[in-house]
Amino acid sequence: MKPNELLSLAKFNKNAIQKIVFLAVFMPATITFCHAASLTVNVTDKDGKATPDAVVMISTSSVSSPKNPLPKAATIAQTNMQFLPAVTVVQPGSKITFTNNDPWDHHVRGSAAGAAQFGKNDENGFALRLAGKSVFGAAKSSVVNMDKPGVVLLGCHIHGSMVGHVVVSDTPWAVKTDANGNAVFADLPDGAATVKVWHAAQYIDLKPVPTTLGATPGQIKMQLTVTPPPRRAPAKPSEYDKSVG
Ligand SMILES: [Cu+2]
């Protein structure tokens with residue numbers, strides 16, 4: 001190989017290496033930049049107080065799905081006369097396991113929540129009785145399929161104070177608000193989107209908010225028109241006798 005050939009080969013390699021380095025450094029950033037938008041939705045109540053246990057649902061024009069899809073299975077415990085968690089978010093077709101940890105029976109029922117309860121088809125409706133847990137026995141469980149999108153109101157035929165909800169989300173982008181009222185979405189597709197918020201106490205749906213997702217992290221505030229009542233405290237052992245039957 002002649003010296004000038006060697007020189008041009010070295011130049012070629014230098015250019016190639018520069019290109020590879022450029023691609024390696026900037027391509028992932030470009031991909032992230034173009035296809036993943038982040039959005040924080042902060043939900044407050046009528047008085048401006050941060051509201052946990054609201055569910056923010058985002059409809060997008062893109063068919064992409066989140067890196068962490070909504071669960072297809074969940075467990076809701078009946079513990080100290082409460083449904084735990086109080087609000088569960090799943091995708092349609094999910095299996096929900098109800099587990100009774102209390103020493104008395106629960107007769108769990110599910111029905112369409114909100115305005116849907118007046119509809120003809122209560123697709124996710126059910127009722128099941130779970131015997132109380134004996135001192136040495138395992139807790140009794142039963143599985144329910146939730147196939148259709150919608151919100152299911154949970155109750156107990158025996159204990160009127162027990163209330164819970166399952167949100168079967170029709171969009172894969174659904175997040176429950178944390179203690180600070182925030183629902184954080186990290187990898188939404190760019191473009192037009194609609195933000196909806198659900199809360200158990202919000203009987204009249206809030207108007208969905210249109211937004212455009214893009215490079216700049218989005219911040220949206222949604223305010224309920226109600227003040228949710230504080231959640232009842234778990235039953236104390238002294239109340240056990242009153243709870244049977
Ligand atoms: Cu009960």
# chains A, B, ... in the order shown; residues from 1 in each chain; ligands from 1
>>> residues_near_ligand(ligand="ligand 1", cutoff="7 Å", atoms="only C-alpha atoms and all ligand atoms", output="PyMOL selection string")
chain A and resi 81+105-108+156-159+162
>>> write_last_selection(atoms="C-alpha atoms", output="PDB file, in the first residue's frame")
ATOM      1  CA  MET A  81     -63.443  -3.927  56.803  1.00  0.00           C
ATOM      2  CA  ASP A 105     -67.497 -13.299  56.128  1.00  0.00           C
ATOM      3  CA  HIS A 106     -67.656 -10.723  53.371  1.00  0.00           C
ATOM      4  CA  HIS A 107     -70.226 -10.865  50.591  1.00  0.00           C
ATOM      5  CA  VAL A 108     -68.401  -8.842  47.946  1.00  0.00           C
ATOM      6  CA  CYS A 156     -70.240  -5.722  50.561  1.00  0.00           C
ATOM      7  CA  HIS A 157     -73.792  -6.976  51.093  1.00  0.00           C
ATOM      8  CA  ILE A 158     -73.045  -7.435  54.783  1.00  0.00           C
ATOM      9  CA  HIS A 159     -71.070  -4.288  55.563  1.00  0.00           C
ATOM     10  CA  MET A 162     -67.123  -1.028  52.578  1.00  0.00           C
TER      11      MET A 162
END
>>> closest_atom_pairs(of="stretch 118-157 of chain A", to="stretch 175-199 of chain A", cutoff="12 Å", atoms="only C-alpha atoms", output="CSV")
residue,atom,partner,partner_atom,distance
A:Gly150,CA,A:Trp198,CA,10.8
A:Val151,CA,A:Trp198,CA,9.2
A:Leu153,CA,A:His199,CA,11.7
>>> atom_distance(atom1="atom CA of A:Ala131", atom2="atom CA of A:Ile76")
15.4 Å
>>> atom_distance(atom1="atom CA of A:Thr79", atom2="atom CA of A:Asp122")
26.4 Å
>>> closest_residue(among="A:Ala201, A:Val87, A:Val209, A:Leu154", to="A:Thr227", atoms="only C-alpha atoms")
A:Ala201
>>> select_by_dssp(residues="stretch 38-201 of chain A", states="strand (DSSP E)", output="PDB file with C-alpha atoms, in the first residue's frame")
ATOM      1  CA  SER A  38     -43.582  13.042  29.562  1.00  0.00           C
ATOM      2  CA  LEU A  39     -46.582  14.502  31.301  1.00  0.00           C
ATOM      3  CA  THR A  40     -47.449  15.142  34.926  1.00  0.00           C
ATOM      4  CA  VAL A  41     -51.098  15.622  35.769  1.00  0.00           C
ATOM      5  CA  ASN A  42     -51.778  17.104  39.188  1.00  0.00           C
ATOM      6  CA  VAL A  43     -55.255  16.494  40.572  1.00  0.00           C
ATOM      7  CA  THR A  44     -56.699  18.654  43.330  1.00  0.00           C
ATOM      8  CA  VAL A  55     -57.157   7.940  37.971  1.00  0.00           C
ATOM      9  CA  VAL A  56     -55.796   9.948  35.058  1.00  0.00           C
ATOM     10  CA  MET A  57     -56.443   8.388  31.658  1.00  0.00           C
ATOM     11  CA  ILE A  58     -54.888   9.609  28.445  1.00  0.00           C
ATOM     12  CA  SER A  59     -56.190   8.867  24.980  1.00  0.00           C
ATOM     13  CA  THR A  60     -53.655   9.351  22.206  1.00  0.00           C
ATOM     14  CA  ALA A  73     -54.130  -9.329  37.270  1.00  0.00           C
ATOM     15  CA  ALA A  74     -54.556  -7.737  40.672  1.00  0.00           C
ATOM     16  CA  THR A  75     -55.396  -8.721  44.224  1.00  0.00           C
ATOM     17  CA  ILE A  76     -57.838  -6.751  46.316  1.00  0.00           C
ATOM     18  CA  ALA A  77     -57.811  -7.698  49.980  1.00  0.00           C
ATOM     19  CA  GLN A  78     -60.641  -7.329  52.447  1.00  0.00           C
ATOM     20  CA  THR A  79     -58.783  -6.326  55.570  1.00  0.00           C
ATOM     21  CA  GLN A  82     -61.736  -2.170  53.906  1.00  0.00           C
ATOM     22  CA  PHE A  83     -60.940  -2.961  50.306  1.00  0.00           C
ATOM     23  CA  LEU A  84     -57.170  -2.680  49.890  1.00  0.00           C
ATOM     24  CA  VAL A  87     -58.709   1.911  43.858  1.00  0.00           C
ATOM     25  CA  THR A  88     -57.233  -0.630  41.425  1.00  0.00           C
ATOM     26  CA  VAL A  89     -56.394   0.128  37.793  1.00  0.00           C
ATOM     27  CA  VAL A  90     -56.213  -2.747  35.293  1.00  0.00           C
ATOM     28  CA  SER A  94     -57.992  -8.793  33.875  1.00  0.00           C
ATOM     29  CA  LYS A  95     -58.336 -11.332  36.634  1.00  0.00           C
ATOM     30  CA  ILE A  96     -59.018  -9.802  40.023  1.00  0.00           C
ATOM     31  CA  THR A  97     -58.444 -11.955  43.093  1.00  0.00           C
ATOM     32  CA  PHE A  98     -60.492 -11.045  46.160  1.00  0.00           C
ATOM     33  CA  THR A  99     -58.954 -12.278  49.411  1.00  0.00           C
ATOM     34  CA  ASN A 100     -60.712 -12.079  52.759  1.00  0.00           C
ATOM     35  CA  HIS A 106     -67.656 -10.723  53.371  1.00  0.00           C
ATOM     36  CA  HIS A 107     -70.226 -10.865  50.591  1.00  0.00           C
ATOM     37  CA  VAL A 108     -68.401  -8.842  47.946  1.00  0.00           C
ATOM     38  CA  ARG A 109     -70.373  -7.363  45.093  1.00  0.00           C
ATOM     39  CA  GLY A 110     -69.327  -5.482  41.999  1.00  0.00           C
ATOM     40  CA  SER A 111     -71.508  -3.274  39.824  1.00  0.00           C
ATOM     41  CA  ALA A 112     -71.036  -0.570  37.231  1.00  0.00           C
ATOM     42  CA  PHE A 126     -70.662 -10.021  40.172  1.00  0.00           C
ATOM     43  CA  ALA A 127     -71.276 -11.190  43.728  1.00  0.00           C
ATOM     44  CA  LEU A 128     -69.246 -13.627  45.782  1.00  0.00           C
ATOM     45  CA  ARG A 129     -69.213 -14.699  49.391  1.00  0.00           C
ATOM     46  CA  LEU A 130     -65.910 -15.286  51.134  1.00  0.00           C
ATOM     47  CA  LYS A 140     -60.282 -17.530  51.283  1.00  0.00           C
ATOM     48  CA  SER A 141     -59.963 -16.125  47.769  1.00  0.00           C
ATOM     49  CA  SER A 142     -62.072 -15.910  44.660  1.00  0.00           C
ATOM     50  CA  VAL A 143     -61.193 -14.694  41.155  1.00  0.00           C
ATOM     51  CA  VAL A 144     -63.361 -12.442  39.000  1.00  0.00           C
ATOM     52  CA  ASN A 145     -62.742 -11.593  35.331  1.00  0.00           C
ATOM     53  CA  MET A 146     -63.174  -7.973  34.369  1.00  0.00           C
ATOM     54  CA  GLY A 150     -65.493   0.832  32.746  1.00  0.00           C
ATOM     55  CA  VAL A 151     -65.431   1.547  36.450  1.00  0.00           C
ATOM     56  CA  VAL A 152     -66.644  -1.156  38.825  1.00  0.00           C
ATOM     57  CA  LEU A 153     -68.009  -0.142  42.217  1.00  0.00           C
ATOM     58  CA  LEU A 154     -67.128  -2.655  44.946  1.00  0.00           C
ATOM     59  CA  GLY A 155     -69.280  -3.122  48.006  1.00  0.00           C
ATOM     60  CA  CYS A 156     -70.240  -5.722  50.561  1.00  0.00           C
ATOM     61  CA  GLY A 164     -63.809   0.212  46.621  1.00  0.00           C
ATOM     62  CA  HIS A 165     -63.346   0.707  42.886  1.00  0.00           C
ATOM     63  CA  VAL A 166     -61.745  -1.078  39.965  1.00  0.00           C
ATOM     64  CA  VAL A 167     -60.984   1.067  36.947  1.00  0.00           C
ATOM     65  CA  VAL A 168     -60.867  -1.149  33.846  1.00  0.00           C
ATOM     66  CA  TRP A 173     -52.207   5.093  29.556  1.00  0.00           C
ATOM     67  CA  ALA A 174     -53.820   5.211  32.977  1.00  0.00           C
ATOM     68  CA  VAL A 175     -52.145   6.142  36.256  1.00  0.00           C
ATOM     69  CA  LYS A 176     -53.509   6.505  39.777  1.00  0.00           C
ATOM     70  CA  ASN A 182     -49.679  13.486  40.819  1.00  0.00           C
ATOM     71  CA  ALA A 183     -50.017  11.014  37.968  1.00  0.00           C
ATOM     72  CA  VAL A 184     -46.730  10.830  36.064  1.00  0.00           C
ATOM     73  CA  PHE A 185     -46.478   9.510  32.513  1.00  0.00           C
ATOM     74  CA  ALA A 186     -42.957   8.988  31.201  1.00  0.00           C
ATOM     75  CA  ASP A 187     -43.287   7.586  27.695  1.00  0.00           C
ATOM     76  CA  LEU A 188     -46.359   8.950  25.958  1.00  0.00           C
ATOM     77  CA  GLY A 191     -48.985  14.386  19.221  1.00  0.00           C
ATOM     78  CA  ALA A 192     -52.569  15.147  20.108  1.00  0.00           C
ATOM     79  CA  ALA A 193     -53.976  13.622  23.284  1.00  0.00           C
ATOM     80  CA  THR A 194     -56.944  13.942  25.593  1.00  0.00           C
ATOM     81  CA  VAL A 195     -56.595  13.905  29.374  1.00  0.00           C
ATOM     82  CA  LYS A 196     -59.439  12.542  31.481  1.00  0.00           C
ATOM     83  CA  VAL A 197     -59.618  12.246  35.241  1.00  0.00           C
ATOM     84  CA  TRP A 198     -61.792   9.929  37.292  1.00  0.00           C
TER      85      TRP A 198
END
>>> select_by_dssp(residues="stretch 41-209 of chain A", states="helix (DSSP H, G or I)", output="ChimeraX atom specification")
/A:114-118
>>> write_last_selection(atoms="N, CA and C atoms", output="JSON list (two decimals), in the first residue's frame")
[["chain", "number", "residue", "atom", "x", "y", "z"],
["A", 114, "GLY", "N", -71.06, 4.90, 38.89],
["A", 114, "GLY", "CA", -71.48, 6.16, 38.26],
["A", 114, "GLY", "C", -72.72, 5.99, 37.41],
["A", 115, "ALA", "N", -72.79, 6.77, 36.34],
["A", 115, "ALA", "CA", -73.98, 6.79, 35.49],
["A", 115, "ALA", "C", -74.21, 5.42, 34.84],
["A", 116, "ALA", "N", -73.13, 4.65, 34.64],
["A", 116, "ALA", "CA", -73.24, 3.35, 33.96],
["A", 116, "ALA", "C", -74.13, 2.37, 34.72],
["A", 117, "GLN", "N", -74.31, 2.61, 36.04],
["A", 117, "GLN", "CA", -75.12, 1.67, 36.82],
["A", 117, "GLN", "C", -76.58, 1.67, 36.38],
["A", 118, "PHE", "N", -76.98, 2.72, 35.65],
["A", 118, "PHE", "CA", -78.36, 2.78, 35.18],
["A", 118, "PHE", "C", -78.51, 2.15, 33.79]]
>>> atom_distance(atom1="atom CA of A:Leu213", atom2="atom CA of A:Ala36")
8.8 Å
>>> closest_residue(among="A:Gln223, A:Ala233, A:Gln202, A:Asp170", to="A:Lys49", atoms="only C-alpha atoms")
A:Gln223
